[in-house]
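Below: query_32.cif (mmCIF, C-alpha atoms and all ligand atoms)
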data_input
#
loop_
_atom_site.label_atom_id
_atom_site.label_comp_id
_atom_site.auth_asym_id
_atom_site.auth_seq_id
_atom_site.Cartn_x
_atom_site.Cartn_y
_atom_site.Cartn_z
CA PRO O 35 73.04 -81.62 64.01
CA LEU O 36 69.82 -80.00 62.84
CA VAL O 37 66.71 -81.60 61.38
CA TYR O 38 64.34 -80.15 58.79
CA LEU O 39 60.66 -79.58 59.58
CA ASN O 40 58.23 -77.62 57.40
CA GLY O 41 60.70 -75.10 56.03
CA GLU O 42 62.89 -74.76 59.11
CA PHE O 43 66.18 -76.26 60.28
CA LEU O 44 66.10 -76.82 64.03
CA PRO O 45 67.53 -79.05 66.79
CA LEU O 46 65.88 -82.48 66.96
CA ASP O 47 64.44 -81.89 70.43
CA GLN O 48 62.72 -78.74 69.21
CA ALA O 49 61.02 -80.39 66.22
CA ARG O 50 57.33 -80.77 67.04
CA VAL O 51 54.24 -81.91 65.15
CA SER O 52 50.60 -81.81 66.11
CA VAL O 53 48.88 -84.88 67.56
CA LEU O 54 46.28 -84.30 64.83
CA ASP O 55 48.92 -84.97 62.17
CA ARG O 56 47.54 -87.71 59.93
CA GLY O 57 50.91 -89.43 60.02
CA PHE O 58 50.47 -89.86 63.78
CA LEU O 59 46.76 -90.78 63.68
CA PHE O 60 46.58 -92.91 60.53
CA GLY O 61 50.11 -93.61 59.33
CA ASP O 62 48.99 -91.46 56.40
CA GLY O 63 52.29 -90.63 54.73
CA VAL O 64 55.30 -91.87 52.80
CA TYR O 65 59.06 -91.82 53.29
CA GLU O 66 62.49 -92.37 51.81
CA VAL O 67 65.85 -93.46 53.18
CA ILE O 68 68.82 -92.19 51.17
CA PRO O 69 72.30 -93.54 51.93
CA VAL O 70 75.19 -91.07 51.93
CA TYR O 71 78.84 -92.06 51.53
CA GLY O 72 81.74 -89.63 51.85
CA GLY O 73 79.18 -86.83 52.02
CA ARG O 74 77.60 -87.84 48.70
CA PRO O 75 74.06 -89.24 48.40
CA LEU O 76 73.70 -92.49 46.46
CA ARG O 77 71.18 -92.38 43.60
CA LEU O 78 69.43 -89.26 44.89
CA GLU O 79 67.46 -88.72 41.67
CA GLU O 80 66.07 -92.26 41.84
CA HIS O 81 65.08 -91.84 45.51
CA LEU O 82 63.32 -88.55 44.76
CA ARG O 83 61.53 -90.09 41.79
CA ARG O 84 60.33 -92.97 43.98
CA LEU O 85 59.16 -90.44 46.59
CA ASP O 86 57.08 -88.77 43.86
CA ASP O 87 55.67 -92.18 42.88
CA SER O 88 54.79 -92.96 46.51
CA LEU O 89 53.12 -89.56 46.93
CA ARG O 90 51.11 -90.06 43.74
CA GLY O 91 50.16 -93.52 45.06
CA ILE O 92 48.48 -91.90 48.08
CA ARG O 93 46.86 -89.05 46.13
CA MET O 94 49.43 -86.41 47.00
CA THR O 95 51.88 -84.40 44.95
CA SER O 96 55.38 -83.43 46.01
CA PRO O 97 55.26 -80.40 48.32
CA LEU O 98 58.75 -79.42 47.13
CA MET O 99 60.67 -79.22 43.86
CA ARG O 100 63.60 -81.52 43.13
CA SER O 101 66.05 -78.67 43.63
CA GLU O 102 64.51 -77.88 47.03
CA TRP O 103 64.81 -81.53 48.14
CA SER O 104 68.45 -81.61 47.02
CA GLU O 105 69.17 -78.40 48.89
CA ILE O 106 67.58 -79.67 52.14
CA ILE O 107 69.32 -83.04 51.93
CA GLY O 108 72.63 -81.31 51.16
CA ARG O 109 72.28 -79.16 54.28
CA LEU O 110 71.43 -82.13 56.51
CA ILE O 111 74.47 -84.14 55.45
CA ASP O 112 76.89 -83.75 58.30
CA GLY O 113 80.53 -84.25 57.36
CA VAL O 114 81.86 -87.17 55.35
CA ASP O 115 80.99 -90.12 57.62
CA ASP O 116 78.59 -92.68 56.21
CA GLN O 117 75.02 -91.73 57.08
CA SER O 118 71.48 -91.98 55.85
CA VAL O 119 68.95 -89.25 55.29
CA TYR O 120 65.37 -90.01 56.28
CA VAL O 121 62.67 -88.02 54.50
CA GLN O 122 59.00 -88.21 55.48
CA VAL O 123 55.94 -86.51 54.05
CA THR O 124 52.58 -86.91 55.78
CA ARG O 125 49.25 -85.61 54.57
CA GLY O 126 49.37 -83.00 57.31
CA VAL O 127 47.22 -81.86 60.18
CA GLY O 128 43.51 -82.40 59.65
CA PRO O 129 40.79 -80.43 61.45
CA ALA O 130 39.71 -83.54 63.39
CA ARG O 131 40.21 -87.30 63.36
CA ASP O 132 38.36 -88.31 60.20
CA HIS O 133 39.43 -91.07 57.82
CA SER O 134 38.34 -89.11 54.73
CA ILE O 135 41.10 -87.08 53.14
CA PRO O 136 40.72 -83.42 54.17
CA VAL O 137 40.96 -80.72 51.51
CA GLY O 138 43.43 -77.89 51.62
CA VAL O 139 45.75 -79.17 54.34
CA ARG O 140 49.46 -78.49 54.16
CA PRO O 141 51.65 -81.63 54.16
CA THR O 142 54.09 -82.14 57.02
CA VAL O 143 57.63 -82.46 55.68
CA PHE O 144 60.35 -83.84 57.92
CA ALA O 145 63.94 -84.88 57.21
CA MET O 146 66.95 -85.85 59.30
CA ALA O 147 70.37 -87.42 58.88
CA SER O 148 71.47 -90.41 61.00
CA PRO O 149 74.72 -92.39 61.21
CA ILE O 150 74.79 -95.70 59.30
CA THR O 151 75.97 -98.69 61.30
CA PRO O 152 78.47 -100.85 59.39
CA VAL O 153 76.93 -104.03 57.96
CA PRO O 154 78.17 -107.46 59.15
CA VAL O 155 80.18 -109.08 56.34
CA THR O 156 80.03 -112.54 57.89
CA GLY O 157 76.40 -112.87 56.90
CA VAL O 158 73.15 -113.01 58.83
CA ARG O 159 70.40 -115.46 59.63
CA ALA O 160 66.85 -115.11 58.30
CA ILE O 161 63.50 -116.83 58.54
CA THR O 162 60.61 -117.01 56.09
CA LEU O 163 57.15 -115.82 57.11
CA GLU O 164 53.83 -115.37 55.40
CA ASP O 165 53.51 -111.94 53.82
CA ILE O 166 50.50 -110.52 55.67
CA ARG O 167 50.90 -106.98 54.33
CA TRP O 168 48.50 -105.06 52.10
CA ARG O 169 48.66 -105.21 48.29
CA TRP O 170 50.26 -101.83 47.61
CA CYS O 171 53.76 -102.63 48.80
CA ASN O 172 55.26 -100.63 45.92
CA ILE O 173 54.29 -97.50 47.89
CA LYS O 174 56.90 -96.64 50.53
CA ALA O 175 54.26 -95.92 53.18
CA ILE O 176 55.10 -95.02 56.79
CA THR O 177 52.34 -97.45 57.81
CA LEU O 178 54.79 -100.15 58.89
CA LEU O 179 53.02 -102.14 61.61
CA PRO O 180 53.06 -105.45 59.67
CA ASN O 181 56.75 -104.95 58.86
CA VAL O 182 57.51 -104.17 62.51
CA LEU O 183 55.68 -107.24 63.83
CA LEU O 184 57.16 -109.55 61.20
CA ARG O 185 60.69 -108.22 61.78
CA GLN O 186 60.29 -108.74 65.51
CA GLN O 187 59.41 -112.39 64.94
CA ALA O 188 62.76 -112.71 63.16
CA VAL O 189 64.59 -110.88 65.94
CA ASP O 190 62.92 -113.08 68.57
CA ARG O 191 64.47 -116.05 66.81
CA GLY O 192 67.92 -114.50 66.62
CA CYS O 193 67.55 -113.51 62.97
CA ALA O 194 68.27 -110.26 61.17
CA GLU O 195 65.42 -110.39 58.67
CA ALA O 196 62.20 -112.13 57.77
CA VAL O 197 61.79 -112.99 54.09
CA LEU O 198 58.12 -112.78 53.18
CA VAL O 199 56.18 -115.31 51.16
CA ARG O 200 52.91 -114.64 49.32
CA GLU O 201 51.09 -117.49 47.62
CA GLY O 202 54.16 -119.68 47.59
CA HIS O 203 56.56 -117.07 46.21
CA VAL O 204 59.04 -114.84 48.00
CA THR O 205 58.31 -111.12 47.74
CA GLU O 206 60.90 -109.22 49.78
CA GLY O 207 62.19 -108.76 53.33
CA THR O 208 60.44 -106.62 55.96
CA ALA O 209 62.83 -103.78 55.04
CA SER O 210 64.87 -105.17 52.15
CA ASN O 211 64.67 -106.79 48.73
CA VAL O 212 65.84 -110.34 48.16
CA PHE O 213 68.19 -112.02 45.70
CA ALA O 214 69.11 -115.67 45.26
CA VAL O 215 71.63 -117.55 43.17
CA VAL O 216 69.93 -120.53 41.55
CA GLY O 217 71.86 -122.78 39.19
CA GLY O 218 74.50 -120.06 38.86
CA THR O 219 71.98 -117.40 37.84
CA ILE O 220 71.21 -114.36 40.00
CA VAL O 221 67.46 -114.07 40.46
CA THR O 222 65.20 -111.53 42.14
CA PRO O 223 61.40 -111.18 42.09
CA PRO O 224 60.01 -108.80 39.43
CA LYS O 225 58.71 -105.36 40.38
CA GLY O 226 55.00 -105.09 41.05
CA PRO O 227 52.53 -104.25 43.81
CA GLU O 228 53.89 -107.02 46.08
CA LEU O 229 57.23 -105.35 46.71
CA LEU O 230 59.06 -102.06 46.98
CA PRO O 231 61.10 -101.22 43.86
CA GLY O 232 64.37 -101.01 45.78
CA ILE O 233 67.01 -98.54 44.64
CA THR O 234 69.72 -100.92 45.89
CA ARG O 235 68.01 -103.80 44.03
CA ASP O 236 68.10 -101.86 40.77
CA LEU O 237 71.70 -100.83 41.31
CA VAL O 238 72.77 -104.42 42.04
CA LEU O 239 71.05 -105.64 38.87
CA GLU O 240 72.77 -102.90 36.89
CA LEU O 241 76.20 -103.71 38.35
CA VAL O 242 75.98 -107.47 37.80
CA ARG O 243 74.65 -107.08 34.25
CA ALA O 244 77.49 -104.68 33.41
CA GLU O 245 79.87 -107.43 34.57
CA GLY O 246 78.18 -109.95 32.29
CA LEU O 247 76.90 -112.06 35.19
CA PRO O 248 73.63 -113.86 34.40
CA ALA O 249 70.72 -112.15 36.18
CA ARG O 250 66.97 -112.53 35.89
CA GLU O 251 63.90 -110.86 37.34
CA ARG O 252 61.40 -113.62 37.84
CA ALA O 253 59.12 -115.20 40.39
CA ILE O 254 60.92 -117.40 42.95
CA SER O 255 59.05 -120.15 44.75
CA LEU O 256 59.73 -120.74 48.43
CA GLU O 257 61.01 -124.21 47.57
CA GLU O 258 63.49 -122.86 45.05
CA PHE O 259 64.53 -120.09 47.43
CA SER O 260 65.15 -122.52 50.28
CA GLY O 261 67.44 -124.59 48.06
CA ALA O 262 69.34 -121.63 46.56
CA GLU O 263 73.15 -121.64 46.44
CA GLU O 264 73.21 -118.10 47.81
CA ILE O 265 70.72 -115.64 49.29
CA TRP O 266 71.28 -111.90 49.78
CA ILE O 267 69.13 -109.08 51.03
CA THR O 268 69.59 -105.53 49.76
CA SER O 269 68.66 -102.14 51.15
CA SER O 270 69.96 -98.61 51.43
CA THR O 271 71.19 -99.24 54.97
CA ARG O 272 72.27 -102.89 54.67
CA GLU O 273 73.81 -102.73 51.19
CA VAL O 274 74.17 -106.29 49.85
CA LEU O 275 74.02 -108.58 52.84
CA PRO O 276 74.53 -112.34 52.59
CA VAL O 277 72.04 -114.62 54.35
CA VAL O 278 73.96 -117.68 55.53
CA GLU O 279 71.17 -119.47 57.35
CA LEU O 280 67.50 -119.67 56.37
CA ASP O 281 64.89 -121.20 58.67
CA GLY O 282 67.66 -122.84 60.69
CA ARG O 283 69.37 -124.51 57.71
CA PRO O 284 72.63 -123.37 56.09
CA VAL O 285 72.40 -121.54 52.76
CA GLY O 286 74.96 -123.13 50.44
CA ARG O 287 77.99 -123.89 52.60
CA GLY O 288 76.66 -121.68 55.38
CA SER O 289 79.04 -118.81 54.65
CA PRO O 290 78.93 -115.86 52.20
CA GLY O 291 79.15 -117.26 48.66
CA PRO O 292 81.50 -116.52 45.76
CA VAL O 293 78.89 -114.61 43.72
CA TRP O 294 78.16 -112.39 46.73
CA GLU O 295 81.93 -111.72 47.07
CA ARG O 296 82.00 -110.37 43.52
CA VAL O 297 78.78 -108.37 43.80
CA SER O 298 79.78 -106.89 47.14
CA ALA O 299 83.11 -105.78 45.68
CA LEU O 300 81.27 -104.12 42.78
CA TYR O 301 78.97 -102.36 45.24
CA GLN O 302 81.82 -101.13 47.45
CA ASP O 303 83.61 -99.90 44.35
CA PHE O 304 80.49 -98.03 43.23
CA LYS O 305 80.28 -96.35 46.65
CA ARG O 306 83.89 -95.23 46.44
CA ARG O 307 83.37 -93.71 43.01
CA LEU O 308 80.28 -91.66 44.03
CA LYS O 309 80.32 -87.99 43.20
N1 LIG W 1 63.72 -99.82 53.70
N2 LIG W 1 61.61 -103.37 50.74
C1 LIG W 1 61.15 -102.75 51.84
C2 LIG W 1 59.86 -103.18 52.43
C3 LIG W 1 61.91 -101.72 52.43
O1 LIG W 1 61.44 -101.08 53.51
C4 LIG W 1 63.17 -101.35 51.85
C5 LIG W 1 64.03 -100.25 52.41
C6 LIG W 1 63.60 -102.04 50.71
C7 LIG W 1 64.90 -101.71 50.02
O2 LIG W 1 64.81 -100.51 49.28
P1 LIG W 1 66.09 -99.60 49.02
O3 LIG W 1 67.13 -100.44 48.37
O4 LIG W 1 65.58 -98.55 48.09
O5 LIG W 1 66.53 -99.07 50.36
C8 LIG W 1 62.78 -103.03 50.18
C9 LIG W 1 64.41 -98.71 54.30
C10 LIG W 1 65.88 -98.77 54.25
C11 LIG W 1 63.85 -98.53 55.71
O6 LIG W 1 62.66 -98.73 55.87
O7 LIG W 1 64.60 -98.17 56.61
#
Using the file provided, produce a representation of the structure as C-alpha cells.
Amino acid sequence: PLVYLNGEFLPLDQARVSVLDRGFLFGDGVYEVIPVYGGRPLRLEEHLRRLDDSLRGIRMTSPLMRSEWSEIIGRLIDGVDDQSVYVQVTRGVGPARDHSIPVGVRPTVFAMASPITPVPVTGVRAITLEDIRWRWCNIKAITLLPNVLLRQQAVDRGCAEAVLVREGHVTEGTASNVFAVVGGTIVTPPKGPELLPGITRDLVLELVRAEGLPARERAISLEEFSGAEEIWITSSTREVLPVVELDGRPVGRGSPGPVWERVSALYQDFKRRLK
C-alpha cells in the first residue's frame, strides 16, 4: 500500500521528510483521522471542514482543495476492509530552527491508510486525570505530548483511556470525547476551546436525537460523572465504547448499559448504510 507525501504516492519506507520540518522540530502542524467502512469514508466533508478549521487556528490555509483531498483519500483506501486514513499537514521546512513562523514555506502534506482494530464490546476501564493540556484543544494539533503522557498513565493502570478534568468538570478523553447517562438523559460537554469537536460525538448526538432519546450538551462535574449510570467514549477509531469501570469503581452495574446498547446499534446501522 502506498502513502501520499507532497504530491506523490510512494511506498511507506520511501516517504521522507527533512529534519528541519517544523512538524518534527516544533510539533507545528495539524491532523485528521477519518474512519473508512466498506471502502467508504465516514463524514468526509465534516473531517475536511474540521481540518480547515484547525489550519486556520494555526494561521495556515488548506494547501489543497476539497476535491484534491477527496481524490487522495480515495486513492489511499485499500479494498473494503475497515481502515482509517491519517492526514497530516505541517507548516513545512523552515530555513533554520526558529520559533517565529517563516514566510513563504511550502506545507508538508502526508496521508496514509491503516487497518482499524475492532473495538472491544465488553467495555473498557478508565481513570480520571487533571487536564494539563493547553487551552486550544479545539485545534487538532499534532503536538500531542500531554495526551501521550496522560494516556500512558491510564495504560500503566490497566486502563484504556484517561478522562480529563479541568476545574472540576470533565472535558474529554486523551483521544476521545465523553458521554454519560445521568438520570436517563444522555449528556456530553459543550463544544469550546477545552475539547475537540469530535465528528463521532456530533454523529452520536444526531443519531440519538433522531431516535427521540433525551440528549443534552452541558457541563458535567466530576462528581456527577463518577456517579453516572453509563459512560461512553467516542472517537473515529473507537466508535462508541462503553466504560464499565472508572477509577476502580464499577460504572452502573459494571457492564455496558442499555442506552449504550441502543446507541451502538444505531451507530453500527449508520456504518452499514454508508455510501
Ligand atoms: N483522536 N478528542 C481528542 C483529543 C481526540 O484526539 C479525538 C480523536 C477525539 C474524537 O474525535 P473524532 O470523533 O472526530 O475522531 C476527541 C483521533 C482518533 C486520534 O488522535 O487518533
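If only C-alpha atoms are the atoms counted, then among O:Arg235, O:Arg109, O:His133, O:Arg74 the closest residue to Val212 (chain O) is O:Arg235.
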Which polymer residues have any atom within 8 Å of an atom of Thr156 (chain O), counting only C-alpha atoms, with same-chain residues fewer than 5 positions away left out, as an NGL selection string? :O and (276 or 289-290)
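Between CA of Gly226 (chain O) and CA of Ile92 (chain O) the interatomic distance comes to 16.3 Å.
Counting all atoms listed in the file, Glu105 (chain O) has the following residues at most 12 Å away, ignoring those fewer than 5 positions along the same chain: Tyr38, Gly41, Phe43, Pro75, Leu78, Leu98, Met99, Arg100, Leu110, Ile111 and Ala145 of chain O.
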Pick out the closest residue to ligand LIG 1 (chain W) from this set: O:Asp87, O:Glu164, O:Asp47, O:Glu273. Count all atoms listed in the file. O:Glu273
Report as a Markdown table the residues of chain O within 8 Å of ligand LIG 1 (chain W), each with its shortest atom pair and distance in Å (one decimal), using all atoms listed in the file, ordered by chain and increasing residue number.
| residue | atom | partner | partner_atom | distance |
| --- | --- | --- | --- | --- |
| O:Glu66 | CA | W:LIG1 | C9 | 7.1 |
| O:Val67 | CA | W:LIG1 | C10 | 5.4 |
| O:Ile68 | CA | W:LIG1 | O5 | 7.3 |
| O:His81 | CA | W:LIG1 | O4 | 7.2 |
| O:Cys171 | CA | W:LIG1 | C2 | 7.1 |
| O:Lys174 | CA | W:LIG1 | O1 | 7.0 |
| O:Asn181 | CA | W:LIG1 | C2 | 7.4 |
| O:Glu206 | CA | W:LIG1 | N2 | 6.0 |
| O:Gly207 | CA | W:LIG1 | N2 | 6.0 |
| O:Thr208 | CA | W:LIG1 | C2 | 5.0 |
| O:Ala209 | CA | W:LIG1 | O1 | 3.4 |
| O:Ser210 | CA | W:LIG1 | C8 | 3.6 |
| O:Asn211 | CA | W:LIG1 | C8 | 4.5 |
| O:Leu229 | CA | W:LIG1 | N2 | 6.3 |
| O:Leu230 | CA | W:LIG1 | N2 | 4.7 |
| O:Pro231 | CA | W:LIG1 | O2 | 6.6 |
| O:Gly232 | CA | W:LIG1 | O2 | 3.6 |
| O:Ile233 | CA | W:LIG1 | O4 | 3.7 |
| O:Thr234 | CA | W:LIG1 | O3 | 3.6 |
| O:Arg235 | CA | W:LIG1 | O3 | 5.6 |
| O:Asp236 | CA | W:LIG1 | O3 | 7.8 |
| O:Thr268 | CA | W:LIG1 | O3 | 5.8 |
| O:Ser269 | CA | W:LIG1 | O3 | 3.6 |
| O:Ser270 | CA | W:LIG1 | O5 | 3.6 |
| O:Thr271 | CA | W:LIG1 | C10 | 5.4 |
| O:Arg272 | CA | W:LIG1 | C10 | 7.6 |
| O:Glu273 | CA | W:LIG1 | O3 | 7.6 |
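Coordinates place CA of Val277 (chain O) at a distance of 5.3 Å from CA of Gly157 (chain O).
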Given all atoms listed in the file as the basis, pick out the residue of O:Asp115, O:Val182, O:Tyr120, O:Arg167 nearest to Pro152 (chain O). O:Asp115
Which value, in Å to one decimal, gives the distance between CA of Val70 (chain O) and CA of Val274 (chain O)? 15.4 Å
As lines of an AutoDock Vina configuration file: centre and edge lengths in Å, one decimal, of the axis-aligned box holding region 168-185 of chain O with 5 Å per side:
center_x = 54.6
center_y = -102.3
center_z = 54.9
size_x = 22.2
size_y = 24.5
size_z = 27.9
Counting all atoms listed in the file, figure out which residue out of O:Arg77, O:Arg140, O:Arg159, O:Arg250 gets nearest to Ala194 (chain O). O:Arg159
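If you measure from each of O:Leu82, O:Val215, O:Val238, O:Ala253 to Pro292 (chain O) using only C-alpha atoms, the closest one turns out to be O:Val215.
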Which residue is closest to Glu195 (chain O)? Choose from O:Val114, O:Ala49, O:Val119, O:Leu163 and count all atoms listed in the file.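 Closest to Glu195 (chain O), using all atoms listed in the file: O:Leu163.
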Please identify all polymer residues within 12 Å of Val53 (chain O), counting all atoms listed in the file, omitting same-chain residues fewer than 2 positions from it, and present them as a short mmCIF file (atom, residue, chain, number, x, y, z; two decimals) with C-alpha atoms, keeping the file's coordinate frame.
data_model
loop_
_atom_site.label_atom_id
_atom_site.label_comp_id
_atom_site.auth_asym_id
_atom_site.auth_seq_id
_atom_site.Cartn_x
_atom_site.Cartn_y
_atom_site.Cartn_z
CA ARG O 50 57.33 -80.77 67.04
CA VAL O 51 54.24 -81.91 65.15
CA ASP O 55 48.92 -84.97 62.17
CA ARG O 56 47.54 -87.71 59.93
CA GLY O 57 50.91 -89.43 60.02
CA PHE O 58 50.47 -89.86 63.78
CA LEU O 59 46.76 -90.78 63.68
CA PHE O 60 46.58 -92.91 60.53
CA GLY O 126 49.37 -83.00 57.31
CA VAL O 127 47.22 -81.86 60.18
CA GLY O 128 43.51 -82.40 59.65
CA PRO O 129 40.79 -80.43 61.45
CA ALA O 130 39.71 -83.54 63.39
CA ARG O 131 40.21 -87.30 63.36
#
Just the residues within 9 Å of Arg191 (chain O), please, counting only C-alpha atoms, with nothing from its chain fewer than 3 positions along; format it as a list in words.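 Listing them by chain and then by number gives Ala160, Ile161, Gln186, Gln187, Ala188 and Ala194 of chain O.
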Write out the residues from the selection above, keeping C-alpha atoms, as a compact mmCIF listing (two decimals), keeping the file's coordinate frame.
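Output (out-v6.txt):
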# COMPACT_ATOMS: atom_id res chain seq x y z
CA ALA O 160 66.85 -115.11 58.30
CA ILE O 161 63.50 -116.83 58.54
CA GLN O 186 60.29 -108.74 65.51
CA GLN O 187 59.41 -112.39 64.94
CA ALA O 188 62.76 -112.71 63.16
CA ALA O 194 68.27 -110.26 61.17
Excluding Thr124 (chain O) and any residue of its chain fewer than 6 positions from it, enumerate the residues within 8 Å of it, using all atoms listed in the file, and give them as a ChimeraX atom specification. /O:55-57,61-64,141-143
